[in-house]
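Here's the structure, in structure tokens; my notes come after.
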Amino acid sequence: MESFHFFLTRIAPMNLEIRKALNIRLLIGAFVLGSVAWPPPLAAERRESFDKDPGWDGHNNRLVKPQTIRQDFGWSPNTSHAGGKPGEIGGLIGPAAEPAYYAKQLPTPTFNDVLTASGTIHIAKGAGHTLIGFFDTRTLNEWRTANTIALRIQQRGDVLHCHFEHCTSKWRAGAGIIGRYDKVRDRMEPKELPAGRTYAWSLKYDPNGNGGLGVVTATLDDNVSSYELSPGHKADGAEFNRFGIINVMKQFDDPGTLWLDNVTINGERDDFSSDPQWDASGNRRVYETRNVRPRFDFGFSLTHFAGGKGAGELGGLFFRGDCRYAERLAAYGDRLDPLTLERPLRVSGKVSMHRGVSDSTTLIGFYHSGNSLEVNPSQQFGTPKDFLGVAIEGPSSEGFYLYPVYRNHGDNASSGMGSNPPRLYPDRATHDWTLEYDPAGANGNGQIIVTLDGQRATMDLLPGVKAKGAQFDRFGLVTPWIDGNGQHVYFDDLVYTYRQE
């Protein structure tokens, strides 16, 4: 059409009335063709490929404050804290996002094999959080990391707690505790054991227990506890190519000291009187980490993980927030025209999850720059006010999902995990995702449909939610209102509603 106008404007001899008639016919023809090939959108949409810094509105999203991590553990030829003759393994072990271990190489048993380990352990007073167990060096990435069966020793000053847990190859976890399970409150109550002493310990996995589903059992002196694997976990599979000491891979925390001796692994004993030549990685070093809870570190990133055409994307380290404190709420989003629940909303793009610690959530969608970041004492809802989008989270027993979430301007909130939500693994794979909000769906109550690589999760808004209303003036990442751990997630090639017509 531009070339035709260019031609018309240069036909000087043409009569003015003829030119007007031609222009009218041209506009009519363009309208007819446009109505067939490009139906008018339900809303105005914006595309962002993050080829350069988009200049979105940031709030507390870059509060990173590096901390120094010191790891100093392995074979110790001259000490005997855990009993017996000189020679043991252990030392100073610091919780951190970056893996560190000292472990014996194994012939890669699986969930189909009996696994046993035992020995003595001296657990010092003070802080500390350490794993001792079977794991796979190829998948070390986070707490409840894939392919693990382990004791988890948590030091708390003069006392300690002993947990034990597993995680499948698909990041589905289960856990037990030396203590008791409170069925009424649905929570574990650990037994407080004295620190600063030596215990006899054991860890056993029986693939034939629980009718073939599998059972994990742990002992610390005369304290014995077991738990059963959930249905489907054993079928997920897991491989274990090491047994030894691993730091808890959450984020920076205070280190602690413990020592092991007279360790027997699947029937083979080692008293560490000579160097066992075990495999080591990251266990003797000092470095700085940027993964410090709750120091948010997300926004525009020059990385290239989510599958866009070039470098540049949205994402980073995203912790849960805490609405009781202004500095514990964060967001990074594009400025929009005012949007409501009365008209459609749409999003599409790419996503890649690189790290997902248990008890963590990432929220992306439509939110309000004021209401969604409101400081208040309520801990009733994890979803911020005036939010409609998706959550990346899940119970530890199921790993991570991507599914719809909303909360209106009041106290109506819901998530649509449903019976078969799409799973999103922290495996660095790239995926296509969409979100569509239809205000006429669910008999006029409103409906949200989310897809991940074509798999759908649908949620109907509760009756009356739409009438109570919500306001959205940003699109992007915003923190939940109840605190927790962190994820590394990246998004690219986003298309989203910025004006409703």
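Residue numbers start at 1 in each chain; chains themselves are named A, B, ... in the order of the structure tokens; ligands are numbered from 1 in the order shown.
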
Quiz item: Which of region 146-334 of chain A counts as alpha helix (DSSP H) under DSSP, as a PyMOL selection string please?
Solution: chain A and resi 209-212+233-236

Expected file contents, prior selection, N, CA and C atoms, as a PDB file, in the first residue's frame:
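See result_39.pdb below for the written result:
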ATOM      1  N   GLY A 209      10.929 -53.450  50.278  1.00  0.00           N
ATOM      2  CA  GLY A 209      10.014 -53.066  51.335  1.00  0.00           C
ATOM      3  C   GLY A 209       8.794 -52.348  50.815  1.00  0.00           C
ATOM      4  N   ASN A 210       7.772 -52.268  51.668  1.00  0.00           N
ATOM      5  CA  ASN A 210       6.533 -51.560  51.301  1.00  0.00           C
ATOM      6  C   ASN A 210       5.925 -52.134  50.020  1.00  0.00           C
ATOM      7  N   GLY A 211       5.882 -53.477  49.961  1.00  0.00           N
ATOM      8  CA  GLY A 211       5.279 -54.124  48.796  1.00  0.00           C
ATOM      9  C   GLY A 211       6.024 -53.866  47.506  1.00  0.00           C
ATOM     10  N   GLY A 212       7.328 -53.620  47.618  1.00  0.00           N
ATOM     11  CA  GLY A 212       8.130 -53.389  46.428  1.00  0.00           C
ATOM     12  C   GLY A 212       8.278 -51.934  46.041  1.00  0.00           C
ATOM     13  N   HIS A 233       7.715 -43.272  42.807  1.00  0.00           N
ATOM     14  CA  HIS A 233       9.064 -42.744  42.991  1.00  0.00           C
ATOM     15  C   HIS A 233      10.126 -43.743  42.552  1.00  0.00           C
ATOM     16  N   LYS A 234       9.971 -44.989  42.965  1.00  0.00           N
ATOM     17  CA  LYS A 234      10.951 -45.997  42.561  1.00  0.00           C
ATOM     18  C   LYS A 234      10.968 -46.137  41.041  1.00  0.00           C
ATOM     19  N   ALA A 235       9.788 -46.042  40.425  1.00  0.00           N
ATOM     20  CA  ALA A 235       9.697 -46.159  38.970  1.00  0.00           C
ATOM     21  C   ALA A 235      10.351 -44.988  38.250  1.00  0.00           C
ATOM     22  N   ASP A 236      10.456 -43.825  38.912  1.00  0.00           N
ATOM     23  CA  ASP A 236      11.183 -42.689  38.333  1.00  0.00           C
ATOM     24  C   ASP A 236      12.629 -43.062  38.045  1.00  0.00           C
TER      25      ASP A 236
END

How close does region 407-450 of chain A get to region 150-170 of chain A? List, as a Markdown table, each residue of region 407-450 of chain A within 10 Å, its nearest atom pair and the distance in Å to one decimal, counting only C-alpha atoms.
| residue | atom | partner | partner_atom | distance |
| --- | --- | --- | --- | --- |
| A:Arg423 | CA | A:Lys170 | CA | 9.6 |
| A:Leu424 | CA | A:Lys170 | CA | 9.8 |
| A:Tyr425 | CA | A:Lys170 | CA | 7.2 |
| A:Pro426 | CA | A:Lys170 | CA | 9.2 |
| A:Asp427 | CA | A:Lys170 | CA | 9.5 |

Practice problem: Identify which of the residues A:Ala146, A:Cys323, A:Ile482, A:Val405 lies closest to Gly237 (chain A), counting only C-alpha atoms when measuring atom-to-atom distances. | Solution: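 Selected residue with least distance to Gly237 (chain A): A:Ala146.
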
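Closest approach to Thr340 (chain A) among A:Pro439, A:Gly282, A:Pro107, A:Pro95: A:Pro439, based on only C-alpha atoms.
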
Self-check item: Computed interatomic separation between CA of Gly119 (chain A) and CA of Ile265 (chain A) (Å)
Solution: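 Taking CA of Gly119 (chain A) and CA of Ile265 (chain A), their separation equals 9.0 Å.
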
Per-residue DSSP, region 249-279 of chain A, filtered to strand (DSSP E or B), as a CSV table (one decimal) with C-alpha atoms, in the first residue's frame:
chain,number,residue,atom,x,y,z
A,256,GLY,CA,29.6,-26.7,60.9
A,257,THR,CA,32.0,-29.5,61.8
A,258,LEU,CA,31.5,-33.2,61.9
A,259,TRP,CA,33.7,-36.3,61.5
A,260,LEU,CA,33.1,-39.9,60.3
A,261,ASP,CA,35.0,-43.1,61.1
A,262,ASN,CA,34.8,-46.9,60.6
A,263,VAL,CA,32.5,-46.5,57.6
A,264,THR,CA,31.1,-49.6,56.0
A,265,ILE,CA,29.4,-49.1,52.5
A,268,GLU,CA,33.1,-52.8,52.4
A,269,ARG,CA,34.7,-51.2,55.5
A,270,ASP,CA,37.3,-48.4,55.8
A,279,ASP,CA,36.9,-38.6,45.1

Exercise. Could you tell me which of A:Pro255, A:Gly446, A:Pro86, A:Gly365 comes closest to Arg343 (chain A) if we count only C-alpha atoms?
Key: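 With only C-alpha atoms as the atom set, the closest residue is A:Gly446.
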
For Arg46 (chain A), list every protein, DNA or RNA residue within 8 Å, evaluated using only C-alpha atoms, and leave out those in the same chain fewer than 2 positions away; present the list as a CSV table (one decimal) with N, CA and C atoms, in the first residue's frame.
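Below you can see part31.csv, which holds the result:
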chain,number,residue,atom,x,y,z
A,44,ALA,N,-4.3,-5.3,22.8
A,44,ALA,CA,-3.0,-4.9,22.2
A,44,ALA,C,-1.9,-5.7,23.0
A,48,GLU,N,8.7,-8.7,23.6
A,48,GLU,CA,10.0,-8.4,24.1
A,48,GLU,C,11.0,-9.5,24.0
A,495,VAL,N,5.5,-12.4,24.7
A,495,VAL,CA,4.4,-11.6,24.1
A,495,VAL,C,3.3,-11.5,25.1
A,496,TYR,N,2.9,-10.3,25.4
A,496,TYR,CA,1.9,-10.2,26.5
A,496,TYR,C,1.0,-9.0,26.3
A,497,THR,N,-0.2,-9.0,26.9
A,497,THR,CA,-1.1,-7.9,26.8
A,497,THR,C,-0.6,-6.7,27.5
A,498,TYR,N,-0.7,-5.5,26.9
A,498,TYR,CA,-0.3,-4.3,27.6
A,498,TYR,C,-1.4,-3.3,27.6

Exercise. For Lys250 (chain A), work out the shell of residues within 7 Å, counting only C-alpha atoms and skipping chain neighbours fewer than 3 positions away, then give it as a VMD selection string.
Key: chain A and resid 95 to 97 142 to 143 357

What does the file look like for those residues with C-alpha atoms, as a PDB file, in the first residue's frame?
ATOM      1  CA  PRO A  95      25.911 -25.021  53.203  1.00  0.00           C
ATOM      2  CA  ALA A  96      26.056 -23.277  49.817  1.00  0.00           C
ATOM      3  CA  ALA A  97      24.494 -23.323  46.356  1.00  0.00           C
ATOM      4  CA  GLU A 142      20.366 -28.250  44.840  1.00  0.00           C
ATOM      5  CA  TRP A 143      19.026 -29.470  48.189  1.00  0.00           C
ATOM      6  CA  VAL A 357      15.409 -25.779  45.751  1.00  0.00           C
TER       7      VAL A 357
END

Quiz item: Between A:Leu477, A:His81, A:Gln471, A:Leu140, which one has atoms that come closest to Asn241 (chain A), using only C-alpha atoms?
Solution: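 Looking only at the distances to Asn241 (chain A), the closest residue turns out to be A:Leu140.
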
Quiz item: CA of Arg456 (chain A) and CA of Pro422 (chain A) are how many Å apart?
Solution: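 According to the coordinates, CA of Arg456 (chain A) and CA of Pro422 (chain A) are separated by 6.9 Å.
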
Quiz item: Expressed in Å to a single decimal, how great is the separation between CA of Gly382 (chain A) and CA of His59 (chain A)?
Solution: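 Separating CA of Gly382 (chain A) from CA of His59 (chain A) is a distance of 18.5 Å.
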
Give me, as a compact mmCIF listing (two decimals) with N, CA and C atoms, in the first residue's frame, all polymer residues having an atom no more than 6 Å from Pro404 (chain A), counting only C-alpha atoms and skipping those fewer than 2 positions away in the same chain.
# COMPACT_ATOMS: atom_id res chain seq x y z
N GLY A 389 -1.33 -14.99 36.86
CA GLY A 389 -0.20 -15.50 36.08
C GLY A 389 0.05 -16.96 36.34
N VAL A 390 1.33 -17.33 36.37
CA VAL A 390 1.69 -18.72 36.61
C VAL A 390 2.68 -18.80 37.76
N SER A 415 -4.86 -21.53 43.14
CA SER A 415 -3.93 -22.05 42.15
C SER A 415 -4.56 -23.26 41.50
N GLY A 416 -4.20 -23.50 40.26
CA GLY A 416 -4.86 -24.54 39.49
C GLY A 416 -3.98 -25.74 39.22

Self-check item: Residue neighbourhood Arg499 (chain A), 7 Å, only C-alpha atoms, exclusion window fewer than 5 positions, as an MDAnalysis selection string
Solution: chainID A and resid 43:44 336:337 339

Could you take the residues named above and write them with C-alpha atoms, as a PDB file, in the first residue's frame?
ATOM      1  CA  ALA A  43      -6.099  -6.869  23.221  1.00  0.00           C
ATOM      2  CA  ALA A  44      -2.990  -4.925  22.246  1.00  0.00           C
ATOM      3  CA  LEU A 336       1.234  -1.395  31.220  1.00  0.00           C
ATOM      4  CA  ASP A 337      -1.948   0.525  30.621  1.00  0.00           C
ATOM      5  CA  LEU A 339      -5.796  -3.779  33.029  1.00  0.00           C
TER       6      LEU A 339
END

Exercise. Extract, using only C-alpha atoms, all DNA, RNA and protein residues at most 7 Å from region 62-76 of chain A, discarding same-chain residues fewer than 3 positions from it, and format them as a list in words.
Key: Thr79, Gly87, Glu88, Ile89, Gly90, Gly91, Leu92, Ile93, Gly94, Tyr102, Asp275, Asn283, Arg284, Arg285, Val286, Tyr287, Glu288, Thr289, Arg290, Arg295, Phe296, Asp297 and Phe298 of chain A
